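**Q** What follows is start-v4.csv; its format and atoms are CSV, C-alpha atoms.
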chain,number,residue,atom,x,y,z
A,1,GLY,CA,-4.9,-27.7,9.4
A,2,ALA,CA,-5.1,-23.9,10.2
A,3,VAL,CA,-5.1,-22.7,6.6
A,4,VAL,CA,-5.9,-19.1,5.7
A,5,SER,CA,-6.6,-18.1,2.1
A,6,GLN,CA,-6.8,-14.7,0.4
A,7,HIS,CA,-8.5,-13.8,-2.8
A,8,PRO,CA,-7.4,-12.4,-5.1
A,9,SER,CA,-3.7,-13.1,-4.9
A,10,TRP,CA,-3.0,-10.0,-7.0
A,11,VAL,CA,-5.0,-7.2,-8.5
A,12,ILE,CA,-4.4,-4.3,-10.8
A,13,CYS,CA,-6.9,-1.5,-10.8
A,14,LYS,CA,-7.3,2.1,-12.0
A,15,SER,CA,-7.0,5.0,-9.7
A,16,GLY,CA,-10.4,5.9,-8.1
A,17,THR,CA,-11.8,2.4,-8.2
A,18,SER,CA,-12.5,0.2,-5.1
A,19,VAL,CA,-11.0,-3.2,-4.5
A,20,LYS,CA,-12.2,-5.9,-2.2
A,21,ILE,CA,-9.9,-8.5,-0.7
A,22,GLU,CA,-11.2,-11.6,1.0
A,23,CYS,CA,-9.6,-13.5,3.9
A,24,ARG,CA,-10.9,-16.9,4.8
A,25,SER,CA,-10.1,-19.4,7.5
A,26,LEU,CA,-10.6,-22.7,5.7
A,27,ASP,CA,-10.6,-25.3,8.5
A,28,PHE,CA,-11.2,-23.3,11.7
A,29,GLN,CA,-13.4,-20.6,13.0
A,30,ALA,CA,-11.8,-17.2,13.6
A,31,THR,CA,-13.4,-14.7,15.9
A,32,THR,CA,-10.6,-12.3,15.2
A,33,MET,CA,-8.8,-11.5,12.0
A,34,PHE,CA,-6.1,-9.0,11.4
A,35,TRP,CA,-5.2,-7.0,8.3
A,36,TYR,CA,-1.6,-5.9,7.7
A,37,ARG,CA,0.1,-3.9,5.0
A,38,GLN,CA,3.6,-4.4,3.8
A,39,PHE,CA,5.5,-2.0,1.5
A,40,PRO,CA,8.6,-3.3,-0.4
A,41,LYS,CA,11.6,-4.1,1.9
A,42,GLN,CA,9.6,-3.1,5.0
A,43,SER,CA,8.0,-5.0,7.8
A,44,LEU,CA,4.3,-5.8,8.3
A,45,MET,CA,2.3,-3.0,9.7
A,46,LEU,CA,-1.0,-3.8,11.5
A,47,MET,CA,-3.8,-1.8,9.9
A,48,ALA,CA,-6.8,-3.1,11.8
A,49,THR,CA,-8.2,-5.8,14.0
A,50,SER,CA,-11.4,-7.3,12.7
A,51,ASN,CA,-13.9,-8.9,15.1
A,52,GLU,CA,-16.8,-11.1,14.0
A,53,GLY,CA,-20.1,-9.3,14.4
A,54,SER,CA,-18.6,-6.0,15.6
A,55,LYS,CA,-16.8,-3.0,14.2
A,56,ALA,CA,-13.1,-3.2,13.4
A,57,THR,CA,-10.5,-1.5,15.5
A,58,TYR,CA,-8.1,0.6,13.4
A,59,GLU,CA,-4.5,1.4,14.2
A,60,GLN,CA,-3.5,5.0,14.5
A,61,GLY,CA,-3.2,6.7,11.1
A,62,VAL,CA,-5.3,4.2,9.2
A,63,GLU,CA,-8.4,5.8,7.7
A,64,LYS,CA,-11.4,3.7,8.5
A,65,ASP,CA,-13.5,5.2,5.8
A,66,LYS,CA,-10.9,4.3,3.2
A,67,PHE,CA,-10.2,0.8,4.4
A,68,LEU,CA,-13.6,-0.8,5.0
A,69,ILE,CA,-13.5,-4.0,7.0
A,70,ASN,CA,-16.4,-6.4,7.3
A,71,HIS,CA,-16.2,-9.6,9.4
A,72,ALA,CA,-19.7,-11.0,8.9
A,73,SER,CA,-18.9,-14.7,9.6
A,74,LEU,CA,-16.5,-16.7,11.7
A,75,THR,CA,-14.6,-17.7,8.5
A,76,LEU,CA,-14.6,-14.6,6.4
A,77,SER,CA,-13.3,-11.0,6.7
A,78,THR,CA,-13.1,-8.6,3.8
A,79,LEU,CA,-11.0,-5.5,3.3
A,80,THR,CA,-12.2,-3.0,0.8
A,81,VAL,CA,-9.9,-0.3,-0.4
A,82,THR,CA,-12.1,2.5,-1.5
A,83,SER,CA,-11.2,5.0,-4.2
A,84,ALA,CA,-7.7,3.5,-4.4
A,85,HIS,CA,-4.8,5.6,-5.4
A,86,PRO,CA,-1.2,4.7,-6.5
A,87,GLU,CA,0.1,5.2,-2.9
A,88,ASP,CA,-2.3,2.4,-1.8
A,89,SER,CA,-0.3,-0.1,-3.9
A,90,SER,CA,1.1,-2.6,-1.4
A,91,PHE,CA,1.1,-6.2,-0.2
A,92,TYR,CA,-1.9,-6.8,2.0
A,93,ILE,CA,-1.8,-9.7,4.3
A,94,CYS,CA,-4.4,-11.1,6.7
A,95,SER,CA,-4.1,-13.4,9.6
A,96,ALA,CA,-6.7,-15.3,11.6
A,97,ARG,CA,-6.8,-16.3,15.2
A,98,ALA,CA,-8.8,-19.3,16.1
A,99,THR,CA,-11.7,-18.9,18.4
A,100,GLY,CA,-10.6,-19.5,22.0
A,101,ASN,CA,-6.9,-19.0,21.2
A,102,GLN,CA,-5.5,-15.7,22.4
A,103,GLU,CA,-2.1,-15.8,20.6
A,104,THR,CA,-1.5,-17.9,17.6
A,105,GLN,CA,-2.2,-16.1,14.3
A,106,TYR,CA,-2.2,-18.0,11.0
A,107,PHE,CA,-1.3,-15.9,8.0
A,108,GLY,CA,-2.7,-15.8,4.6
A,109,PRO,CA,-0.6,-15.8,1.4
A,110,GLY,CA,-1.1,-12.1,0.8
A,111,THR,CA,-2.7,-10.0,-1.9
A,112,ARG,CA,-0.6,-7.7,-4.1
A,113,LEU,CA,-2.4,-4.5,-5.1
A,114,LEU,CA,-1.2,-2.3,-7.9
A,115,VAL,CA,-3.1,0.9,-8.5
A,116,LEU,CA,-2.4,2.6,-11.8
B,1,GLY,CA,7.3,0.0,19.0
B,2,GLU,CA,7.7,1.1,15.4
B,3,SER,CA,9.4,-1.2,12.9
B,4,VAL,CA,10.0,0.6,9.7
B,5,GLY,CA,13.1,0.4,7.6
B,6,LEU,CA,13.8,1.0,3.9
B,7,HIS,CA,16.9,-1.2,3.8
B,8,LEU,CA,16.7,-4.7,5.3
B,9,PRO,CA,19.9,-5.7,6.9
B,10,THR,CA,21.3,-8.8,5.2
B,11,LEU,CA,23.1,-11.8,6.7
B,12,SER,CA,25.0,-13.9,4.2
B,13,VAL,CA,26.2,-17.3,5.2
B,14,GLN,CA,27.6,-20.4,3.6
B,15,GLU,CA,25.5,-23.5,3.2
B,16,GLY,CA,26.1,-25.7,6.2
B,17,ASP,CA,27.1,-22.9,8.6
B,18,ASN,CA,25.1,-21.8,11.5
B,19,SER,CA,23.1,-18.6,11.3
B,20,ILE,CA,22.2,-16.2,14.1
B,21,ILE,CA,19.6,-13.5,13.5
B,22,ASN,CA,19.1,-10.9,16.1
B,23,CYS,CA,16.2,-8.7,17.1
B,24,ALA,CA,15.7,-6.0,19.6
B,25,TYR,CA,12.2,-5.5,20.9
B,26,SER,CA,10.7,-2.4,22.4
B,27,ASN,CA,8.0,-3.3,24.9
B,28,SER,CA,9.2,-4.6,28.3
B,29,ALA,CA,5.6,-5.7,28.9
B,30,SER,CA,5.6,-8.1,25.9
B,31,ASP,CA,5.1,-11.7,27.1
B,32,TYR,CA,5.2,-13.8,24.0
B,33,PHE,CA,7.5,-13.7,21.1
B,34,ILE,CA,7.5,-15.4,17.7
B,35,TRP,CA,9.9,-15.7,14.8
B,36,TYR,CA,8.5,-15.7,11.3
B,37,LYS,CA,10.0,-16.6,7.9
B,38,GLN,CA,8.8,-14.8,4.8
B,39,GLU,CA,9.7,-15.8,1.3
B,40,SER,CA,9.3,-13.4,-1.5
B,41,GLY,CA,5.6,-12.7,-2.4
B,42,LYS,CA,4.3,-14.9,0.4
B,43,GLY,CA,2.8,-14.5,3.8
B,44,PRO,CA,4.8,-15.0,7.0
B,45,GLN,CA,5.4,-18.6,8.1
B,46,PHE,CA,5.6,-19.5,11.8
B,47,ILE,CA,9.0,-20.8,12.9
B,48,ILE,CA,9.2,-20.9,16.6
B,49,ASP,CA,7.8,-19.1,19.6
B,50,ILE,CA,8.9,-18.4,23.2
B,51,ARG,CA,7.2,-17.0,26.3
B,52,SER,CA,8.7,-14.4,28.5
B,53,ASN,CA,9.1,-16.9,31.4
B,54,MET,CA,11.7,-18.8,29.3
B,55,ASP,CA,15.1,-17.9,28.0
B,56,LYS,CA,15.6,-20.6,25.5
B,57,ARG,CA,13.5,-22.9,23.3
B,58,GLN,CA,14.6,-25.4,20.7
B,59,GLY,CA,12.9,-26.7,17.7
B,60,GLN,CA,14.1,-28.7,14.7
B,61,ARG,CA,17.3,-27.0,13.6
B,62,VAL,CA,16.2,-23.7,15.2
B,63,THR,CA,16.8,-22.2,18.7
B,64,VAL,CA,15.3,-19.0,20.0
B,65,LEU,CA,17.0,-17.2,22.9
B,66,LEU,CA,15.4,-14.5,24.9
B,67,ASN,CA,17.2,-11.9,27.0
B,68,LYS,CA,14.6,-9.8,28.8
B,69,THR,CA,17.3,-7.7,30.6
B,70,VAL,CA,18.4,-6.1,27.4
B,71,LYS,CA,15.1,-6.8,25.4
B,72,HIS,CA,16.9,-9.0,22.9
B,73,LEU,CA,15.8,-12.0,20.9
B,74,SER,CA,17.8,-14.2,18.6
B,75,LEU,CA,17.1,-17.0,16.2
B,76,GLN,CA,19.8,-19.6,15.6
B,77,ILE,CA,19.5,-21.8,12.6
B,78,ALA,CA,21.8,-24.9,12.5
B,79,ALA,CA,23.3,-26.2,9.3
B,80,THR,CA,21.8,-23.5,7.2
B,81,GLN,CA,20.4,-24.6,3.9
B,82,PRO,CA,19.6,-22.8,0.6
B,83,GLY,CA,15.9,-23.2,1.4
B,84,ASP,CA,16.4,-21.1,4.5
B,85,SER,CA,17.0,-18.0,2.4
B,86,ALA,CA,14.2,-15.6,3.2
B,87,VAL,CA,13.4,-12.6,5.3
B,88,TYR,CA,13.1,-13.3,9.0
B,89,PHE,CA,10.9,-11.2,11.4
B,90,CYS,CA,10.6,-11.3,15.1
B,91,ALA,CA,7.3,-10.3,16.5
B,92,GLU,CA,6.1,-9.5,20.0
B,93,ILE,CA,2.7,-9.8,21.6
B,94,THR,CA,1.6,-7.3,24.3
B,95,GLY,CA,-1.4,-7.3,26.6
B,96,ARG,CA,-3.9,-6.6,23.9
B,97,ARG,CA,-2.7,-9.7,22.0
B,98,ALA,CA,-1.8,-7.9,18.8
B,99,LEU,CA,1.4,-8.7,17.0
B,100,THR,CA,4.1,-6.0,16.5
B,101,PHE,CA,6.7,-7.0,13.9
B,102,GLY,CA,10.4,-6.1,14.0
B,103,SER,CA,12.1,-4.7,10.9
B,104,GLY,CA,13.3,-7.9,9.5
B,105,THR,CA,16.6,-9.5,8.4
B,106,ARG,CA,17.3,-11.0,5.0
B,107,LEU,CA,19.2,-14.3,5.2
B,108,GLN,CA,21.1,-15.2,2.1
B,109,VAL,CA,22.6,-18.7,1.9
B,110,GLN,CA,25.5,-19.2,-0.4
B,111,PRO,CA,25.8,-22.7,-1.9
Kindly return the structure encoded in the file as C-alpha coordinates.
**A**
Amino acid sequence: GAVVSQHPSWVICKSGTSVKIECRSLDFQATTMFWYRQFPKQSLMLMATSNEGSKATYEQGVEKDKFLINHASLTLSTLTVTSAHPEDSSFYICSARATGNQETQYFGPGTRLLVL
Amino acid sequence: GESVGLHLPTLSVQEGDNSIINCAYSNSASDYFIWYKQESGKGPQFIIDIRSNMDKRQGQRVTVLLNKTVKHLSLQIAATQPGDSAVYFCAEITGRRALTFGSGTRLQVQP
(Lines of atoms letter the chains of each structure in order from A and count residues from 1; the text may use other names and numbers.)
(Lines give C-alpha, C1' and ligand atoms only; values in the text may rest on other atoms or scores of the structure.)
Protein backbone atom coordinates (compact mmCIF):
# COMPACT_ATOMS: atom_id res chain seq x y z
CA GLY A 1 0.00 0.00 0.00
CA ALA A 2 0.86 3.73 -0.06
CA VAL A 3 2.38 3.81 -3.52
CA VAL A 4 3.16 7.05 -5.29
CA SER A 5 4.00 7.13 -8.97
CA GLN A 6 5.50 9.81 -11.17
CA HIS A 7 5.33 10.21 -14.90
CA PRO A 8 7.47 10.52 -16.83
CA SER A 9 10.47 8.99 -15.09
CA TRP A 10 12.81 11.00 -17.26
CA VAL A 11 12.41 13.69 -19.90
CA ILE A 12 14.72 15.56 -22.24
CA CYS A 13 13.47 18.78 -23.76
CA LYS A 14 14.68 21.81 -25.63
CA SER A 15 15.21 25.12 -23.90
CA GLY A 16 12.06 27.22 -23.94
CA THR A 17 9.58 24.37 -23.94
CA SER A 18 7.26 23.44 -21.09
CA VAL A 19 7.30 20.11 -19.33
CA LYS A 20 4.52 18.56 -17.23
CA ILE A 21 5.27 16.03 -14.50
CA GLU A 22 2.49 14.00 -12.91
CA CYS A 23 2.40 12.68 -9.37
CA ARG A 24 -0.25 10.11 -8.47
CA SER A 25 -1.17 8.38 -5.24
CA LEU A 26 -2.21 4.95 -6.46
CA ASP A 27 -3.95 3.40 -3.48
CA PHE A 28 -4.82 6.24 -1.16
CA GLN A 29 -6.23 9.73 -1.27
CA ALA A 30 -3.85 12.61 -0.72
CA THR A 31 -5.17 16.00 0.24
CA THR A 32 -1.63 17.31 0.31
CA MET A 33 1.25 16.62 -2.02
CA PHE A 34 4.72 18.10 -1.99
CA TRP A 35 7.17 18.86 -4.76
CA TYR A 36 10.91 18.70 -4.18
CA ARG A 37 13.91 19.41 -6.36
CA GLN A 38 17.25 17.69 -5.95
CA PHE A 39 20.45 18.71 -7.69
CA PRO A 40 23.35 16.23 -7.99
CA LYS A 41 25.02 15.40 -4.67
CA GLN A 42 22.62 17.66 -2.81
CA SER A 43 19.68 17.19 -0.54
CA LEU A 44 16.00 17.48 -1.38
CA MET A 45 14.73 21.03 -1.32
CA LEU A 46 11.02 21.65 -0.89
CA MET A 47 9.62 23.72 -3.75
CA ALA A 48 5.94 23.87 -2.93
CA THR A 49 3.07 22.32 -1.06
CA SER A 50 0.12 21.35 -3.20
CA ASN A 51 -3.33 21.24 -1.63
CA GLU A 52 -6.27 19.64 -3.39
CA GLY A 53 -8.72 22.23 -4.61
CA SER A 54 -6.69 25.26 -3.60
CA LYS A 55 -3.61 27.18 -4.62
CA ALA A 56 -0.19 25.76 -3.94
CA THR A 57 2.08 27.28 -1.32
CA TYR A 58 5.52 28.01 -2.69
CA GLU A 59 8.77 28.14 -0.74
CA GLN A 60 10.81 31.30 -0.73
CA GLY A 61 12.76 31.73 -3.94
CA VAL A 62 10.59 29.41 -6.04
CA GLU A 63 8.85 31.22 -8.89
CA LYS A 64 5.18 30.30 -8.91
CA ASP A 65 4.74 31.46 -12.50
CA LYS A 66 7.55 29.23 -13.65
CA PHE A 67 6.60 26.12 -11.69
CA LEU A 68 2.86 25.74 -12.11
CA ILE A 69 1.19 23.30 -9.76
CA ASN A 70 -2.28 21.87 -10.15
CA HIS A 71 -3.87 19.52 -7.63
CA ALA A 72 -7.29 18.95 -9.15
CA SER A 73 -8.09 15.61 -7.53
CA LEU A 74 -7.24 13.69 -4.38
CA THR A 75 -4.90 11.40 -6.30
CA LEU A 76 -3.17 13.65 -8.80
CA SER A 77 -0.90 16.68 -8.66
CA THR A 78 0.96 18.06 -11.65
CA LEU A 79 4.03 20.25 -11.84
CA THR A 80 4.61 22.15 -15.07
CA VAL A 81 8.01 23.68 -15.67
CA THR A 82 7.27 26.51 -18.05
CA SER A 83 9.84 27.82 -20.53
CA ALA A 84 12.43 25.42 -19.19
CA HIS A 85 16.10 26.38 -19.28
CA PRO A 86 19.24 24.28 -18.73
CA GLU A 87 19.47 25.45 -15.11
CA ASP A 88 16.09 23.80 -14.49
CA SER A 89 17.67 20.42 -15.18
CA SER A 90 17.27 18.47 -11.97
CA PHE A 91 15.64 15.51 -10.27
CA TYR A 92 12.06 16.37 -9.32
CA ILE A 93 10.46 14.27 -6.59
CA CYS A 94 6.93 14.40 -5.28
CA SER A 95 5.48 13.05 -2.07
CA ALA A 96 1.93 12.54 -0.94
CA ARG A 97 0.40 12.69 2.49
CA ALA A 98 -2.69 10.60 3.10
CA THR A 99 -5.86 12.48 3.96
CA GLY A 100 -6.18 12.66 7.74
CA ASN A 101 -2.49 11.97 8.37
CA GLN A 102 -0.45 14.97 9.38
CA GLU A 103 3.01 13.53 9.09
CA THR A 104 3.76 10.51 6.95
CA GLN A 105 4.82 11.36 3.41
CA TYR A 106 5.15 8.70 0.74
CA PHE A 107 7.64 9.55 -1.97
CA GLY A 108 7.47 8.97 -5.67
CA PRO A 109 10.38 7.55 -7.68
CA GLY A 110 11.37 10.94 -9.09
CA THR A 111 11.53 12.48 -12.56
CA ARG A 112 14.84 13.42 -14.09
CA LEU A 113 14.60 16.49 -16.30
CA LEU A 114 17.32 17.43 -18.74
CA VAL A 115 16.93 20.71 -20.60
CA LEU A 116 19.19 21.11 -23.62
CA GLY B 1 17.32 25.18 8.43
CA GLU B 2 19.14 25.02 5.14
CA SER B 3 20.59 21.75 3.97
CA VAL B 4 22.78 22.40 0.99
CA GLY B 5 26.09 20.79 0.26
CA LEU B 6 28.11 20.12 -2.86
CA HIS B 7 30.07 17.22 -1.42
CA LEU B 8 28.27 14.53 0.47
CA PRO B 9 30.26 13.19 3.42
CA THR B 10 30.97 9.51 2.96
CA LEU B 11 31.05 6.73 5.52
CA SER B 12 32.85 3.61 4.38
CA VAL B 13 32.39 0.41 6.38
CA GLN B 14 33.15 -3.26 5.99
CA GLU B 15 30.32 -5.67 5.41
CA GLY B 16 29.12 -7.01 8.72
CA ASP B 17 30.28 -4.02 10.74
CA ASN B 18 27.89 -1.61 12.43
CA SER B 19 27.34 1.82 10.88
CA ILE B 20 26.54 5.06 12.63
CA ILE B 21 25.30 8.00 10.61
CA ASN B 22 24.93 11.35 12.34
CA CYS B 23 22.76 14.35 11.71
CA ALA B 24 22.49 17.76 13.34
CA TYR B 25 19.13 19.42 13.04
CA SER B 26 18.45 23.09 13.28
CA ASN B 27 15.00 23.72 14.68
CA SER B 28 14.49 23.14 18.38
CA ALA B 29 10.72 23.23 17.75
CA SER B 30 10.84 20.15 15.49
CA ASP B 31 8.82 17.36 17.05
CA TYR B 32 9.14 14.50 14.61
CA PHE B 33 12.18 13.09 12.85
CA ILE B 34 12.60 10.60 10.05
CA TRP B 35 15.52 8.80 8.44
CA TYR B 36 15.34 8.13 4.72
CA LYS B 37 17.47 6.00 2.43
CA GLN B 38 17.94 7.09 -1.17
CA GLU B 39 19.48 4.88 -3.81
CA SER B 40 20.85 6.42 -6.98
CA GLY B 41 18.12 7.69 -9.28
CA LYS B 42 15.29 6.81 -6.90
CA GLY B 43 13.05 8.59 -4.45
CA PRO B 44 13.64 8.51 -0.69
CA GLN B 45 12.62 5.38 1.16
CA PHE B 46 11.36 5.56 4.77
CA ILE B 47 13.59 3.75 7.27
CA ILE B 48 12.56 4.74 10.76
CA ASP B 49 11.05 7.66 12.65
CA ILE B 50 11.09 9.04 16.17
CA ARG B 51 9.08 11.63 18.03
CA SER B 52 10.62 14.31 20.20
CA ASN B 53 9.26 12.75 23.40
CA MET B 54 11.49 9.72 22.83
CA ASP B 55 15.27 9.36 22.82
CA LYS B 56 15.60 5.96 21.21
CA ARG B 57 13.63 3.77 18.84
CA GLN B 58 14.57 0.43 17.37
CA GLY B 59 13.56 -1.26 14.17
CA GLN B 60 14.84 -4.26 12.33
CA ARG B 61 18.64 -3.82 12.25
CA VAL B 62 18.25 -0.07 12.71
CA THR B 63 18.17 2.17 15.75
CA VAL B 64 17.57 5.91 15.89
CA LEU B 65 18.85 8.00 18.77
CA LEU B 66 17.67 11.51 19.49
CA ASN B 67 19.52 14.00 21.69
CA LYS B 68 17.39 17.11 21.93
CA THR B 69 19.86 18.90 24.17
CA VAL B 70 22.41 19.18 21.38
CA LYS B 71 19.91 18.75 18.51
CA HIS B 72 21.54 15.61 17.27
CA LEU B 73 20.09 12.55 15.59
CA SER B 74 21.86 9.33 14.71
CA LEU B 75 21.04 6.21 12.74
CA GLN B 76 22.70 2.97 13.69
CA ILE B 77 22.67 0.07 11.25
CA ALA B 78 23.67 -3.30 12.63
CA ALA B 79 25.56 -5.85 10.55
CA THR B 80 25.75 -3.57 7.52
CA GLN B 81 25.14 -5.26 4.19
CA PRO B 82 26.08 -4.26 0.61
CA GLY B 83 22.42 -3.50 -0.01
CA ASP B 84 22.62 -0.79 2.62
CA SER B 85 24.88 1.27 0.36
CA ALA B 86 22.99 4.48 -0.40
CA VAL B 87 22.67 8.09 0.67
CA TYR B 88 20.95 8.57 4.02
CA PHE B 89 19.04 11.71 4.93
CA CYS B 90 17.57 12.80 8.21
CA ALA B 91 14.49 14.96 8.03
CA GLU B 92 12.64 17.01 10.60
CA ILE B 93 9.05 18.12 10.78
CA THR B 94 8.08 21.42 12.32
CA GLY B 95 4.77 22.88 13.26
CA ARG B 96 3.54 23.39 9.71
CA ARG B 97 4.14 19.69 9.07
CA ALA B 98 6.58 20.17 6.19
CA LEU B 99 9.74 18.09 5.91
CA THR B 100 13.15 19.72 6.04
CA PHE B 101 15.93 17.43 4.89
CA GLY B 102 19.48 17.30 6.18
CA SER B 103 22.44 17.35 3.84
CA GLY B 104 22.86 13.59 3.60
CA THR B 105 25.60 11.01 4.13
CA ARG B 106 26.75 8.46 1.59
CA LEU B 107 27.23 4.99 3.06
CA GLN B 108 29.59 2.71 1.17
CA VAL B 109 29.73 -0.91 2.25
CA GLN B 110 32.89 -2.74 1.29
CA PRO B 111 32.45 -6.49 0.69
**Q** Find the residues around segment 102-111 of chain A up to 9 Å (all atoms listed in the file counted), leave out those fewer than 4 positions away in its own chain, and share them as a ChimeraX atom specification.
**A** /A:2-11,21,23-25,33-34,90-98 /B:32,41-46,93,97-99
**Q** Would you put the residues from that selection into a file with C-alpha atoms, as a short mmCIF file (atom, residue, chain, number, x, y, z; two decimals), keeping the file's coordinate frame?
**A**
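This went into again-v1.cif:
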data_model
loop_
_atom_site.label_atom_id
_atom_site.label_comp_id
_atom_site.auth_asym_id
_atom_site.auth_seq_id
_atom_site.Cartn_x
_atom_site.Cartn_y
_atom_site.Cartn_z
CA ALA A 2 -5.10 -23.90 10.20
CA VAL A 3 -5.10 -22.70 6.60
CA VAL A 4 -5.90 -19.10 5.70
CA SER A 5 -6.60 -18.10 2.10
CA GLN A 6 -6.80 -14.70 0.40
CA HIS A 7 -8.50 -13.80 -2.80
CA PRO A 8 -7.40 -12.40 -5.10
CA SER A 9 -3.70 -13.10 -4.90
CA TRP A 10 -3.00 -10.00 -7.00
CA VAL A 11 -5.00 -7.20 -8.50
CA ILE A 21 -9.90 -8.50 -0.70
CA CYS A 23 -9.60 -13.50 3.90
CA ARG A 24 -10.90 -16.90 4.80
CA SER A 25 -10.10 -19.40 7.50
CA MET A 33 -8.80 -11.50 12.00
CA PHE A 34 -6.10 -9.00 11.40
CA SER A 90 1.10 -2.60 -1.40
CA PHE A 91 1.10 -6.20 -0.20
CA TYR A 92 -1.90 -6.80 2.00
CA ILE A 93 -1.80 -9.70 4.30
CA CYS A 94 -4.40 -11.10 6.70
CA SER A 95 -4.10 -13.40 9.60
CA ALA A 96 -6.70 -15.30 11.60
CA ARG A 97 -6.80 -16.30 15.20
CA ALA A 98 -8.80 -19.30 16.10
CA TYR B 32 5.20 -13.80 24.00
CA GLY B 41 5.60 -12.70 -2.40
CA LYS B 42 4.30 -14.90 0.40
CA GLY B 43 2.80 -14.50 3.80
CA PRO B 44 4.80 -15.00 7.00
CA GLN B 45 5.40 -18.60 8.10
CA PHE B 46 5.60 -19.50 11.80
CA ILE B 93 2.70 -9.80 21.60
CA ARG B 97 -2.70 -9.70 22.00
CA ALA B 98 -1.80 -7.90 18.80
CA LEU B 99 1.40 -8.70 17.00
#
**Q** Rounded to one decimal place, report the atom CA of Ser89 of chain A-atom CA of Val115 of chain A distance in Å.
**A**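 A separation of 5.5 Å between them.
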**Q** List the spatial neighbours of segment 40-55 of chain A as a list in words - criterion: any atom at most 7 Å away, all atoms listed in the file, same-chain residues fewer than 3 positions off excluded.
**A**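 Surrounding residues, per the criterion: Thr31, Thr32, Met33, Phe34, Trp35, Tyr36, Arg37, Tyr58, Glu59, Val62, Ile69, His71, Ala72, Ser73 and Leu74 of chain A; Ser3, Val4, Gly5, Leu6, His7, Leu8, Phe101, Gly102, Ser103 and Gly104 of chain B.
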**Q** Kindly indicate which residue among A:Leu76, A:Ala30, A:Ala56, A:Cys13 lies nearest to Asp88 of chain A, using all atoms listed in the file for the distances.
**A**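 Among the listed residues, the smallest separation from Asp88 of chain A belongs to A:Cys13.
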**Q** Atom CA of Asn70 of chain A and atom CA of Lys20 of chain A are how many Å apart?
**A** 10.4 Å
**Q** What separation in Å, quoted to one decimal, exists between atom CA of Val81 of chain A and atom CA of Thr17 of chain A?
**A**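 So the two atoms, atom CA of Val81 of chain A and atom CA of Thr17 of chain A, lie 8.5 Å apart.
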**Q** Show which residues sit within 9 Å of segment 22-25 of chain B, as a PyMOL selection string. Count only C-alpha atoms, and ignore same-chain residues fewer than 4 positions away.
**A** chain B and resi 1+30+70-76+89-92+102-105
**Q** Go ahead and write the selection's residues with C-alpha atoms as a PDB file, in the coordinates of the input.
**A**
ATOM      1  CA  GLY B   1       7.300   0.000  19.000  1.00  0.00           C
ATOM      2  CA  SER B  30       5.600  -8.100  25.900  1.00  0.00           C
ATOM      3  CA  VAL B  70      18.400  -6.100  27.400  1.00  0.00           C
ATOM      4  CA  LYS B  71      15.100  -6.800  25.400  1.00  0.00           C
ATOM      5  CA  HIS B  72      16.900  -9.000  22.900  1.00  0.00           C
ATOM      6  CA  LEU B  73      15.800 -12.000  20.900  1.00  0.00           C
ATOM      7  CA  SER B  74      17.800 -14.200  18.600  1.00  0.00           C
ATOM      8  CA  LEU B  75      17.100 -17.000  16.200  1.00  0.00           C
ATOM      9  CA  GLN B  76      19.800 -19.600  15.600  1.00  0.00           C
ATOM     10  CA  PHE B  89      10.900 -11.200  11.400  1.00  0.00           C
ATOM     11  CA  CYS B  90      10.600 -11.300  15.100  1.00  0.00           C
ATOM     12  CA  ALA B  91       7.300 -10.300  16.500  1.00  0.00           C
ATOM     13  CA  GLU B  92       6.100  -9.500  20.000  1.00  0.00           C
ATOM     14  CA  GLY B 102      10.400  -6.100  14.000  1.00  0.00           C
ATOM     15  CA  SER B 103      12.100  -4.700  10.900  1.00  0.00           C
ATOM     16  CA  GLY B 104      13.300  -7.900   9.500  1.00  0.00           C
ATOM     17  CA  THR B 105      16.600  -9.500   8.400  1.00  0.00           C
TER      18      THR B 105
END
**Q** Which residues come within 10 Å of Met54 of chain B, counting only C-alpha atoms, excluding same-chain residues fewer than 3 positions away, as a list in words?
**A**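 The neighbour list is Asp31, Tyr32, Ile50, Arg51, Arg57, Val64, Leu65, Leu66, Asn67 and Lys68 of chain B.
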**Q** For those residues, write C-alpha atoms to a file as an mmCIF file, in the coordinates of the input.
**A**
data_model
loop_
_atom_site.group_PDB
_atom_site.id
_atom_site.type_symbol
_atom_site.label_atom_id
_atom_site.label_comp_id
_atom_site.auth_asym_id
_atom_site.auth_seq_id
_atom_site.Cartn_x
_atom_site.Cartn_y
_atom_site.Cartn_z
ATOM 1 C CA ASP B 31 5.100 -11.700 27.100
ATOM 2 C CA TYR B 32 5.200 -13.800 24.000
ATOM 3 C CA ILE B 50 8.900 -18.400 23.200
ATOM 4 C CA ARG B 51 7.200 -17.000 26.300
ATOM 5 C CA ARG B 57 13.500 -22.900 23.300
ATOM 6 C CA VAL B 64 15.300 -19.000 20.000
ATOM 7 C CA LEU B 65 17.000 -17.200 22.900
ATOM 8 C CA LEU B 66 15.400 -14.500 24.900
ATOM 9 C CA ASN B 67 17.200 -11.900 27.000
ATOM 10 C CA LYS B 68 14.600 -9.800 28.800
#
**Q** Write out as a VMD selection string the residues lying within 12 Å of Ile77 of chain B, counting all atoms listed in the file and excluding same-chain residues fewer than 4 positions away.
**A** chain B and resid 13 15 to 22 35 37 47 to 48 58 to 65 81 83 to 85 88 107 109
**Q** Go through A:Glu87, A:Gln38, A:Ser18, A:Gln29 and flag the residue nearest Thr99 of chain A, using all atoms listed in the file for the distances.
**A**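 Answer, going by the shortest atom-to-atom distance: A:Gln29.
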**Q** Please return as a PDB file with C-alpha atoms, in the frame of the given file every residue within 10 Å of (-11.1, 2.5, -2.6), taking into account all atoms listed in the file and the file's own coordinates.
**A**
ATOM      1  CA  SER A  15      -7.000   5.000  -9.700  1.00  0.00           C
ATOM      2  CA  GLY A  16     -10.400   5.900  -8.100  1.00  0.00           C
ATOM      3  CA  THR A  17     -11.800   2.400  -8.200  1.00  0.00           C
ATOM      4  CA  SER A  18     -12.500   0.200  -5.100  1.00  0.00           C
ATOM      5  CA  VAL A  19     -11.000  -3.200  -4.500  1.00  0.00           C
ATOM      6  CA  LYS A  20     -12.200  -5.900  -2.200  1.00  0.00           C
ATOM      7  CA  ASP A  65     -13.500   5.200   5.800  1.00  0.00           C
ATOM      8  CA  LYS A  66     -10.900   4.300   3.200  1.00  0.00           C
ATOM      9  CA  PHE A  67     -10.200   0.800   4.400  1.00  0.00           C
ATOM     10  CA  LEU A  68     -13.600  -0.800   5.000  1.00  0.00           C
ATOM     11  CA  LEU A  79     -11.000  -5.500   3.300  1.00  0.00           C
ATOM     12  CA  THR A  80     -12.200  -3.000   0.800  1.00  0.00           C
ATOM     13  CA  VAL A  81      -9.900  -0.300  -0.400  1.00  0.00           C
ATOM     14  CA  THR A  82     -12.100   2.500  -1.500  1.00  0.00           C
ATOM     15  CA  SER A  83     -11.200   5.000  -4.200  1.00  0.00           C
ATOM     16  CA  ALA A  84      -7.700   3.500  -4.400  1.00  0.00           C
ATOM     17  CA  HIS A  85      -4.800   5.600  -5.400  1.00  0.00           C
ATOM     18  CA  ASP A  88      -2.300   2.400  -1.800  1.00  0.00           C
TER      19      ASP A  88
END
**Q** Go through B:Thr80, B:Asn53, B:Glu39, B:Ser26 one by one, measure the shortest atom-to-atom distance of each to chain A using only C-alpha atoms, and give the residue with the smallest value.
**A** B:Glu39
